[in-house]
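Asks: Next up, query_30.txt (compact mmCIF, C-alpha atoms).
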```
# COMPACT_ATOMS: atom_id res chain seq x y z
CA MET A 7 121.84 116.74 95.31
CA ARG A 8 121.23 119.15 98.17
CA LYS A 9 123.18 121.90 96.33
CA ILE A 10 120.94 121.60 93.26
CA ILE A 11 117.57 121.92 95.05
CA PRO A 12 117.91 125.62 96.03
CA THR A 13 118.74 126.49 92.41
CA ILE A 14 115.66 124.63 91.14
CA VAL A 15 113.47 126.36 93.75
CA PHE A 16 114.90 129.78 92.78
CA VAL A 17 114.24 129.21 89.07
CA PHE A 18 110.67 128.00 89.84
CA LEU A 19 109.94 131.02 92.05
CA SER A 20 111.34 133.41 89.42
CA PHE A 21 109.13 131.82 86.77
CA TRP A 22 106.12 131.94 89.09
CA GLY A 23 106.77 135.64 89.80
CA GLU A 24 106.84 136.45 86.09
CA ALA A 25 103.68 134.40 85.46
CA GLN A 26 101.56 136.59 87.79
CA GLU A 27 100.81 139.13 85.00
CA ILE A 28 97.48 137.92 83.66
CA LYS A 29 96.33 139.78 80.57
CA THR A 30 92.60 140.24 80.01
CA PRO A 31 90.74 142.68 77.74
CA ALA A 32 89.18 145.81 79.21
CA ALA A 33 85.40 145.90 79.44
CA SER A 34 85.44 149.09 77.35
CA LEU A 35 88.18 148.99 74.73
CA LYS A 36 90.20 152.11 74.06
CA SER A 37 90.15 153.63 70.59
CA LYS A 38 92.36 156.29 69.02
CA ALA A 39 91.77 157.72 65.57
CA GLU A 40 93.15 160.48 63.38
CA GLN A 41 91.34 162.09 60.48
CA MET A 42 92.46 164.79 58.07
CA VAL A 43 89.67 167.24 57.26
CA GLY A 44 90.88 169.44 54.42
CA LEU A 45 94.34 170.38 55.66
CA THR A 46 93.50 170.07 59.38
CA ASP A 47 94.47 167.03 61.45
CA VAL A 48 91.87 165.92 64.01
CA GLU A 49 92.61 163.25 66.64
CA TYR A 50 90.14 161.72 69.09
CA VAL A 51 90.62 159.18 71.87
CA TYR A 52 87.88 157.38 73.81
CA SER A 53 86.83 154.08 75.38
CA ARG A 54 83.98 152.07 73.85
CA PRO A 55 81.44 150.44 76.17
CA ASN A 56 79.04 147.82 74.76
CA LYS A 57 75.26 147.70 75.00
CA LYS A 58 75.09 144.09 76.32
CA GLY A 59 71.30 144.05 76.19
CA ARG A 60 70.97 147.05 78.48
CA VAL A 61 68.83 150.16 78.12
CA ILE A 62 71.43 152.79 77.27
CA PHE A 63 70.03 156.32 77.10
CA GLY A 64 67.64 156.98 79.93
CA GLY A 65 69.04 153.88 81.65
CA LEU A 66 72.78 153.22 81.84
CA VAL A 67 73.34 156.81 80.69
CA PRO A 68 70.78 158.95 82.57
CA TYR A 69 69.04 161.79 80.82
CA GLY A 70 69.93 165.31 81.91
CA GLN A 71 73.30 164.46 83.47
CA ILE A 72 76.83 165.16 82.24
CA TRP A 73 78.23 162.02 80.62
CA ARG A 74 81.90 161.33 80.02
CA THR A 75 80.90 160.27 76.48
CA GLY A 76 82.41 156.82 76.65
CA ALA A 77 84.09 155.07 79.56
CA ASN A 78 87.15 155.32 81.83
CA GLU A 79 89.43 158.35 81.36
CA ASN A 80 88.42 161.51 79.50
CA THR A 81 87.20 161.25 75.95
CA THR A 82 89.30 163.85 74.14
CA ILE A 83 89.49 165.56 70.77
CA ARG A 84 92.41 167.55 69.39
CA PHE A 85 92.17 170.03 66.51
CA GLY A 86 95.39 170.83 64.65
CA ASP A 87 94.06 174.24 63.60
CA ASP A 88 91.40 176.66 64.78
CA VAL A 89 87.98 175.34 63.75
CA GLU A 90 84.51 176.84 63.65
CA ILE A 91 81.43 175.33 65.32
CA ASP A 92 78.05 177.06 65.33
CA GLY A 93 79.73 180.25 64.13
CA LYS A 94 82.20 180.26 67.04
CA THR A 95 85.97 179.94 66.63
CA ILE A 96 87.42 177.08 68.66
CA PRO A 97 91.19 177.54 69.15
CA LYS A 98 93.39 174.65 68.08
CA GLY A 99 94.28 172.28 70.89
CA LYS A 100 93.03 169.37 72.96
CA TYR A 101 89.65 169.25 74.71
CA ALA A 102 87.65 166.85 76.84
CA LEU A 103 84.38 165.86 75.17
CA TYR A 104 81.33 165.75 77.47
CA THR A 105 77.69 165.39 76.56
CA ILE A 106 74.33 165.77 78.28
CA PRO A 107 71.94 163.33 76.58
CA GLN A 108 68.21 164.02 76.48
CA GLN A 109 65.54 161.99 74.73
CA ASP A 110 65.30 164.38 71.76
CA LYS A 111 68.54 166.37 71.92
CA TRP A 112 72.08 166.38 73.33
CA ASP A 113 74.31 169.12 74.64
CA ILE A 114 77.85 168.61 73.34
CA ILE A 115 80.53 170.24 75.47
CA LEU A 116 84.19 170.99 74.77
CA TYR A 117 86.01 171.39 78.10
CA SER A 118 89.49 172.90 78.29
CA ASP A 119 90.73 170.58 81.08
CA SER A 120 91.25 167.15 79.52
CA GLU A 121 93.14 165.50 82.38
CA ASN A 122 90.22 164.25 84.49
CA TRP A 123 89.07 160.68 84.98
CA GLY A 124 85.54 160.95 83.66
CA VAL A 125 83.50 163.95 84.79
CA PRO A 126 85.46 166.43 87.00
CA GLU A 127 84.65 166.25 90.70
CA LYS A 128 84.15 170.01 90.61
CA TRP A 129 82.67 171.24 87.35
CA ASP A 130 84.14 174.61 86.27
CA GLU A 131 81.87 176.45 83.84
CA SER A 132 84.72 178.82 82.94
CA LYS A 133 86.46 175.85 81.28
CA VAL A 134 83.55 175.24 78.91
CA VAL A 135 84.84 176.34 75.51
CA LEU A 136 81.71 175.26 73.62
CA ARG A 137 78.21 174.05 74.45
CA SER A 138 76.25 173.04 71.36
CA THR A 139 72.75 171.52 71.33
CA LYS A 140 72.05 168.99 68.56
CA PRO A 141 68.99 166.84 67.80
CA VAL A 142 68.82 163.09 68.29
CA LYS A 143 68.33 160.99 65.16
CA LYS A 144 66.87 157.51 65.54
CA LEU A 145 68.52 154.59 63.76
CA THR A 146 66.74 151.48 62.51
CA ASP A 147 69.72 149.25 63.35
CA THR A 148 71.14 148.72 66.83
CA ILE A 149 74.82 149.61 67.27
CA GLU A 150 76.38 147.39 69.96
CA SER A 151 79.58 149.38 70.66
CA PHE A 152 79.64 153.10 71.39
CA THR A 153 81.20 154.82 68.40
CA ILE A 154 82.63 158.26 67.75
CA GLY A 155 83.38 159.02 64.12
CA ILE A 156 84.23 161.85 61.76
CA ASN A 157 82.19 161.48 58.58
CA ASN A 158 80.55 163.41 55.73
CA LEU A 159 83.95 164.83 54.87
CA SER A 160 84.49 167.75 52.51
CA ALA A 161 87.48 170.00 51.90
CA ASN A 162 86.09 172.51 54.37
CA SER A 163 84.02 170.62 56.95
CA ALA A 164 83.00 167.32 58.53
CA GLN A 165 80.48 165.88 60.99
CA LEU A 166 81.58 164.70 64.45
CA GLN A 167 79.22 161.79 65.15
CA PHE A 168 78.18 159.94 68.32
CA ILE A 169 76.50 156.60 67.66
CA TRP A 170 75.21 153.99 70.10
CA ASP A 171 72.21 151.70 70.41
CA GLN A 172 69.71 153.32 68.03
CA THR A 173 70.88 156.88 68.58
CA LEU A 174 72.87 159.18 66.29
CA VAL A 175 73.90 162.71 67.23
CA GLU A 176 76.15 164.76 64.97
CA MET A 177 77.84 168.15 65.10
CA LYS A 178 79.31 169.90 62.08
CA PHE A 179 82.66 171.68 62.31
CA ASN A 180 84.37 173.83 59.70
CA VAL A 181 88.11 173.89 59.04
CA PRO A 182 90.19 176.77 57.58
CA THR A 183 91.22 174.95 54.41
CA GLN A 184 90.94 177.94 52.12
CA LYS A 185 92.99 180.15 54.44
CA LEU A 186 95.71 177.52 54.79
CA ALA A 187 95.75 176.67 51.08
CA ASN A 188 95.92 180.34 50.05
CA ALA A 189 98.82 180.94 52.44
CA SER A 190 100.63 177.92 50.97
CA ILE A 191 99.96 179.08 47.40
CA GLU A 192 101.12 182.64 48.09
CA GLY A 193 104.27 181.41 49.80
CA ILE A 194 105.27 178.99 47.06
CA LEU A 195 104.30 181.05 44.02
CA SER A 196 106.15 184.09 45.39
CA ASN A 197 109.33 182.10 44.74
CA PRO A 198 110.59 182.88 41.22
CA ASN A 199 111.73 179.25 40.96
CA ALA A 200 108.25 177.80 41.50
CA ASP A 201 107.79 174.88 39.09
CA ALA A 202 104.98 173.85 36.75
CA ASN A 203 103.47 171.44 39.28
CA ALA A 204 103.07 174.25 41.83
CA TYR A 205 101.24 176.44 39.32
CA TYR A 206 99.08 173.50 38.18
CA ALA A 207 98.16 172.52 41.77
CA SER A 208 97.25 176.13 42.57
CA ALA A 209 95.09 176.49 39.47
CA ASN A 210 93.36 173.16 40.12
CA TYR A 211 92.63 174.08 43.75
CA TYR A 212 91.03 177.36 42.70
CA LEU A 213 89.01 175.49 40.08
CA GLN A 214 87.73 172.95 42.63
CA SER A 215 87.06 175.54 45.36
CA ASN A 216 85.47 178.17 43.09
CA GLY A 217 88.27 180.65 43.63
CA ASP A 218 89.32 183.51 41.36
CA MET A 219 89.14 181.94 37.87
CA LYS A 220 91.22 184.71 36.29
CA LYS A 221 94.07 183.90 38.68
CA ALA A 222 93.56 180.21 38.02
CA LEU A 223 93.80 180.76 34.26
CA ASN A 224 97.04 182.73 34.66
CA TRP A 225 98.49 179.94 36.80
CA ILE A 226 97.54 177.10 34.46
CA ASN A 227 98.95 179.05 31.50
CA ARG A 228 102.18 179.53 33.46
CA ALA A 229 102.26 175.79 34.23
CA ILE A 230 101.81 174.95 30.54
CA ASP A 231 104.59 177.38 29.56
CA LEU A 232 106.96 175.88 32.12
CA LYS A 233 106.46 172.43 30.56
CA GLN A 234 108.25 173.81 27.49
CA GLY A 235 105.85 172.65 24.81
CA ASP A 236 104.97 169.24 26.24
CA PRO A 237 102.37 169.70 29.01
CA PRO A 238 100.39 166.59 30.02
CA TYR A 239 96.75 166.07 29.11
CA TRP A 240 95.49 166.82 32.63
CA TYR A 241 96.93 170.34 32.40
CA PHE A 242 94.77 171.06 29.35
CA ARG A 243 91.77 169.40 31.02
CA VAL A 244 92.01 171.84 33.94
CA LYS A 245 92.53 174.77 31.58
CA SER A 246 89.41 173.83 29.60
CA GLN A 247 87.31 173.73 32.78
CA ILE A 248 88.61 177.12 33.93
CA GLN A 249 87.89 178.64 30.52
CA ALA A 250 84.37 177.20 30.60
CA LYS A 251 83.75 178.79 34.01
CA LEU A 252 84.93 182.11 32.59
CA GLY A 253 82.45 181.74 29.71
CA ASP A 254 85.11 181.19 27.04
CA LEU A 255 83.60 178.05 25.50
CA LYS A 256 85.59 178.29 22.25
CA GLY A 257 88.81 178.39 24.26
CA ALA A 258 87.53 175.57 26.50
CA ILE A 259 86.82 173.36 23.45
CA ASP A 260 90.27 174.07 22.02
CA SER A 261 91.96 173.11 25.32
CA ALA A 262 89.76 170.03 25.69
CA GLU A 263 90.66 168.87 22.18
CA LYS A 264 94.36 169.17 23.06
CA SER A 265 93.75 167.19 26.24
CA LEU A 266 91.76 164.59 24.27
CA GLU A 267 94.52 164.15 21.69
CA LYS A 268 97.18 163.64 24.33
CA ALA A 269 94.93 161.30 26.36
CA GLN A 270 94.31 159.17 23.24
CA LYS A 271 98.07 158.85 22.69
CA GLU A 272 98.51 157.80 26.32
CA GLY A 273 95.48 155.49 26.22
CA ASN A 274 93.80 157.10 29.24
CA LYS A 275 90.16 156.07 28.86
CA GLU A 276 88.91 158.24 31.73
CA TYR A 277 90.24 161.47 30.22
CA ILE A 278 89.14 160.46 26.74
CA LYS A 279 85.59 160.11 28.11
CA LEU A 280 85.72 163.33 30.15
CA ASN A 281 87.00 165.43 27.26
CA THR A 282 84.69 163.88 24.68
CA GLU A 283 81.63 164.55 26.84
CA ALA A 284 82.74 168.11 27.68
CA ILE A 285 83.40 169.01 24.04
CA LYS A 286 80.00 167.65 23.02
CA GLU A 287 78.22 169.60 25.78
CA TRP A 288 80.02 172.88 25.10
CA LYS A 289 79.40 172.65 21.35
CA LYS A 290 75.67 172.39 22.06
CA VAL A 291 75.74 175.77 23.80
CA LEU A 292 77.66 177.57 21.03
```
So that I can check it, write out the structure of this file as structure tokens.
Replies:
Amino acid sequence: MRKIIPTIVFVFLSFWGEAQEIKTPAASLKSKAEQMVGLTDVEYVYSRPNKKGRVIFGGLVPYGQIWRTGANENTTIRFGDDVEIDGKTIPKGKYALYTIPQQDKWDIILYSDSENWGVPEKWDESKVVLRSTKPVKKLTDTIESFTIGINNLSANSAQLQFIWDQTLVEMKFNVPTQKLANASIEGILSNPNADANAYYASANYYLQSNGDMKKALNWINRAIDLKQGDPPYWYFRVKSQIQAKLGDLKGAIDSAEKSLEKAQKEGNKEYIKLNTEAIKEWKKVL
């Protein structure tokens, strides 16, 4: 019996040692998000304090002082490509996000050193990549948890938003979608083996982004030719829209009728509706 007791004690102590790790949630939970804007990947990481009945701006977060824009370690944002803010080019990379809240406006700061815990002990103005002043918008609802979001997305831009309590501040940034898309198109279409889908995608992008419609028409015609007499209805739909933008409504109607016929065979109600409405509208103008 005496030989067994030490073993039992050892097992108990081992278990007790392992049981010392108590897991509890942080007061300000960490958040990490990625968002594609056009062709540019944007990632932001921050901690989210809660209001908890407190006065936030002008209270917990004093006016006129640099705020870490969240809690705990640096709030950061990473741009996968160069972006433009307030007419200034911001090189791709990772930045700390600081703000200086005021009652009616905020300064939003991108800081090149993102490895601090909160605000740097010694602020270095030479590391400020951007300082942008944006107005405060008042919300009717109260937002409990501090929130950073990327919203109002388009192919070429988005709004970086800061939301807490009844305050909304947003900053627009532009991304180089057209430059990146054009480089991709030029690279792929320079290959003599480029397929119909590549030509269709290029033509459709130029249609949607108001590019060179003559180029777009050449590309969609090439896509149709490469389908060897059996192009799908969406090819003719894009061709009709390009022709309409070029002012060739007779050609647009002819292409739309081909798209309509093929869509009817496939039973695609959306394209039947789109083509029917377009044909009717274009015929009114002729």
Asks: Between A:Gln270, A:Gly124, A:Ile259, A:Ser160, single out the one closest to Lys286 of chain A, counting all atoms listed in the file.
Replies: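 Comparing A:Gln270, A:Gly124, A:Ile259, A:Ser160 against Lys286 of chain A, the winner is A:Ile259.
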Asks: What lies within 8 Å of Phe179 of chain A using only C-alpha atoms, ignoring chain neighbours under 6 positions off, as a list of chain:residue names?
Replies: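 With the cut-off at 8 Å, the set is A:Val89, A:Glu90, A:Ile91, A:Asp92, A:Ser163, A:Ala164, A:Gln165, A:Leu166.
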Asks: May I have the selected residues written with C-alpha atoms, as a PDB file, in the frame of the given file?
Replies:
```pdb
ATOM      1  CA  VAL A  89      87.980 175.340  63.750  1.00  0.00           C
ATOM      2  CA  GLU A  90      84.510 176.840  63.650  1.00  0.00           C
ATOM      3  CA  ILE A  91      81.430 175.330  65.320  1.00  0.00           C
ATOM      4  CA  ASP A  92      78.050 177.060  65.330  1.00  0.00           C
ATOM      5  CA  SER A 163      84.020 170.620  56.950  1.00  0.00           C
ATOM      6  CA  ALA A 164      83.000 167.320  58.530  1.00  0.00           C
ATOM      7  CA  GLN A 165      80.480 165.880  60.990  1.00  0.00           C
ATOM      8  CA  LEU A 166      81.580 164.700  64.450  1.00  0.00           C
TER       9      LEU A 166
END
```
Asks: If we count only C-alpha atoms and set the cut-off at 12 Å, which residues sit around Lys94 of chain A, ignoring sequence neighbours fewer than 6 positions away in its own chain? Please answer as a list of chain:residue names.
Replies: A:Asp88, A:Val135, A:Leu136, A:Arg137, A:Ser138, A:Lys178, A:Phe179, A:Asn180, A:Val181
Asks: Counting all atoms listed in the file, which residues of segment 169-270 of chain A fall within 12 Å of segment 96-110 of chain A, and what is the closest atom pair for each with its distance in Å at one decimal, ordered by chain and rising number, as CSV?
Replies:
```
residue,atom,partner,partner_atom,distance
A:Trp170,CA,A:Pro107,CA,11.8
A:Gln172,CA,A:Gln109,CA,11.7
A:Thr173,CA,A:Gln109,CA,9.6
A:Leu174,CA,A:Asp110,CA,10.7
A:Val175,CA,A:Pro107,CA,9.6
A:Glu176,CA,A:Thr105,CA,11.7
A:Met177,CA,A:Thr105,CA,11.8
A:Phe179,CA,A:Ile96,CA,9.6
A:Asn180,CA,A:Ile96,CA,10.0
A:Val181,CA,A:Ile96,CA,10.2
A:Pro182,CA,A:Lys98,CA,11.2
```
Asks: Could you build a table of the residues in segment 111-178 of chain A lying no more than 10 Å from segment 58-73 of chain A, giving for each the nearest pair of atoms and their separation in Å rounded to one decimal place, using all atoms listed in the file, ordered by chain and ascending residue number, as CSV?
Replies:
```
residue,atom,partner,partner_atom,distance
A:Trp112,CA,A:Gly70,CA,8.9
A:Asp113,CA,A:Ile72,CA,8.9
A:Ile114,CA,A:Ile72,CA,9.6
A:Ile115,CA,A:Ile72,CA,9.2
A:Gly124,CA,A:Trp73,CA,8.0
A:Val125,CA,A:Trp73,CA,7.0
A:Pro126,CA,A:Ile72,CA,9.9
A:Trp129,CA,A:Ile72,CA,9.9
A:Glu150,CA,A:Lys58,CA,7.3
A:Ser151,CA,A:Lys58,CA,9.0
A:Trp170,CA,A:Ile62,CA,8.2
A:Asp171,CA,A:Ile62,CA,7.0
A:Gln172,CA,A:Ile62,CA,9.4
A:Thr173,CA,A:Phe63,CA,8.6
```
Asks: Check which residues of segment 149-245 of chain A sit at most 10 Å from segment 75-78 of chain A using only C-alpha atoms, and return one row each with the closest pair of atoms and their distance in Å to one decimal, ordered by chain and rising number, as a tab-separated table.
Replies:
```
residue	atom	partner	partner_atom	distance
A:Ser151	CA	A:Gly76	CA	10.0
A:Phe152	CA	A:Gly76	CA	7.0
A:Thr153	CA	A:Gly76	CA	8.6
A:Ile154	CA	A:Gly76	CA	9.0
A:Phe168	CA	A:Thr75	CA	8.6
```
Asks: Dump C-alpha atoms for the selected residues as a PDB file, keeping the file's coordinate frame?
Replies:
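Output below, filename again02.pdb:
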```pdb
ATOM      1  CA  SER A 151      79.580 149.380  70.660  1.00  0.00           C
ATOM      2  CA  PHE A 152      79.640 153.100  71.390  1.00  0.00           C
ATOM      3  CA  THR A 153      81.200 154.820  68.400  1.00  0.00           C
ATOM      4  CA  ILE A 154      82.630 158.260  67.750  1.00  0.00           C
ATOM      5  CA  PHE A 168      78.180 159.940  68.320  1.00  0.00           C
TER       6      PHE A 168
END
```
Asks: So what do you get for atom CA of Gly93 of chain A versus atom CA of Gln41 of chain A, distance-wise?
Replies: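 Computing it gives 21.9 Å between the two atoms.
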Asks: Skip Ala200 of chain A itself and residues of its chain fewer than 4 positions away, then list as number ranges by chain all residues within 12 Å of it, counting only C-alpha atoms.
Replies: A: 191-196, 204-208, 225, 228-229, 232
Asks: Could you tell me how far atom CA of Val48 of chain A sits from atom CA of Gly86 of chain A, in Å to one decimal place?
Replies: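 Calculated distance between atom CA of Gly86 of chain A and atom CA of Val48 of chain A is 6.1 Å.
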Asks: Determine, counting all atoms listed in the file, which protein, DNA and RNA residues have an atom within 12 Å of an atom of Tyr277 of chain A; residues of the same chain fewer than 4 positions away are not included. Present the result as a PDB file with C-alpha atoms, keeping the file's coordinate frame.
Replies:
```pdb
ATOM      1  CA  PRO A 238     100.390 166.590  30.020  1.00  0.00           C
ATOM      2  CA  TYR A 239      96.750 166.070  29.110  1.00  0.00           C
ATOM      3  CA  TRP A 240      95.490 166.820  32.630  1.00  0.00           C
ATOM      4  CA  TYR A 241      96.930 170.340  32.400  1.00  0.00           C
ATOM      5  CA  PHE A 242      94.770 171.060  29.350  1.00  0.00           C
ATOM      6  CA  ARG A 243      91.770 169.400  31.020  1.00  0.00           C
ATOM      7  CA  VAL A 244      92.010 171.840  33.940  1.00  0.00           C
ATOM      8  CA  ALA A 262      89.760 170.030  25.690  1.00  0.00           C
ATOM      9  CA  GLU A 263      90.660 168.870  22.180  1.00  0.00           C
ATOM     10  CA  LYS A 264      94.360 169.170  23.060  1.00  0.00           C
ATOM     11  CA  SER A 265      93.750 167.190  26.240  1.00  0.00           C
ATOM     12  CA  LEU A 266      91.760 164.590  24.270  1.00  0.00           C
ATOM     13  CA  GLU A 267      94.520 164.150  21.690  1.00  0.00           C
ATOM     14  CA  LYS A 268      97.180 163.640  24.330  1.00  0.00           C
ATOM     15  CA  ALA A 269      94.930 161.300  26.360  1.00  0.00           C
ATOM     16  CA  GLN A 270      94.310 159.170  23.240  1.00  0.00           C
ATOM     17  CA  LYS A 271      98.070 158.850  22.690  1.00  0.00           C
ATOM     18  CA  GLU A 272      98.510 157.800  26.320  1.00  0.00           C
ATOM     19  CA  GLY A 273      95.480 155.490  26.220  1.00  0.00           C
ATOM     20  CA  ASN A 281      87.000 165.430  27.260  1.00  0.00           C
ATOM     21  CA  THR A 282      84.690 163.880  24.680  1.00  0.00           C
ATOM     22  CA  GLU A 283      81.630 164.550  26.840  1.00  0.00           C
ATOM     23  CA  ALA A 284      82.740 168.110  27.680  1.00  0.00           C
ATOM     24  CA  ILE A 285      83.400 169.010  24.040  1.00  0.00           C
TER      25      ILE A 285
END
```
Asks: Identify which of the residues A:Met219, A:Lys111, A:Ala209, A:Asn197 lies closest to Lys143 of chain A, counting only C-alpha atoms when measuring atom-to-atom distances.
Replies: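 Closest candidate: A:Lys111.
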Asks: So which one's closest to Asn122 of chain A, A:Asn199, A:Leu145, A:Lys140, A:Asn80? Using all atoms listed in the file, please.
Replies: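 Selected residue with least distance to Asn122 of chain A: A:Asn80.
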Asks: Give me the residues within 8 Å of Ala33 of chain A as a PyMOL selection string, counting only C-alpha atoms and dropping any in the same chain fewer than 2 places off.
Replies: chain A and resi 31+35+55
Asks: Just the selected residues (C-alpha atoms), exported as an mmCIF file, in the frame of the given file, please.
Replies:
```cif
data_model
loop_
_atom_site.group_PDB
_atom_site.id
_atom_site.type_symbol
_atom_site.label_atom_id
_atom_site.label_comp_id
_atom_site.auth_asym_id
_atom_site.auth_seq_id
_atom_site.Cartn_x
_atom_site.Cartn_y
_atom_site.Cartn_z
ATOM 1 C CA PRO A 31 90.740 142.680 77.740
ATOM 2 C CA LEU A 35 88.180 148.990 74.730
ATOM 3 C CA PRO A 55 81.440 150.440 76.170
#
```
Asks: What does the structure give for the distance between atom CA of Glu79 of chain A and atom CA of Ser120 of chain A, in Å to one decimal?
Replies: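 We find that atom CA of Glu79 of chain A and atom CA of Ser120 of chain A lie 9.2 Å from each other.
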Asks: With distances taken over all atoms listed in the file, which of A:Leu255, A:Ile278, A:Val134, A:Ile248 is nearest to Gln214 of chain A?
Replies: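 The shortest atom-to-atom distance to Gln214 of chain A comes from A:Ile248.
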Asks: Padding 5 Å on each side, edges along x, y and z: where is the centre of the box around the listed atoms of segment 56-69 of chain A, and how long are its edges in Å to one decimal? Output it as AutoDock Vina command-line options.
Replies:
```
--center_x 73.3 --center_y 152.9 --center_z 78.7 --size_x 21.4 --size_y 27.7 --size_z 17.8
```
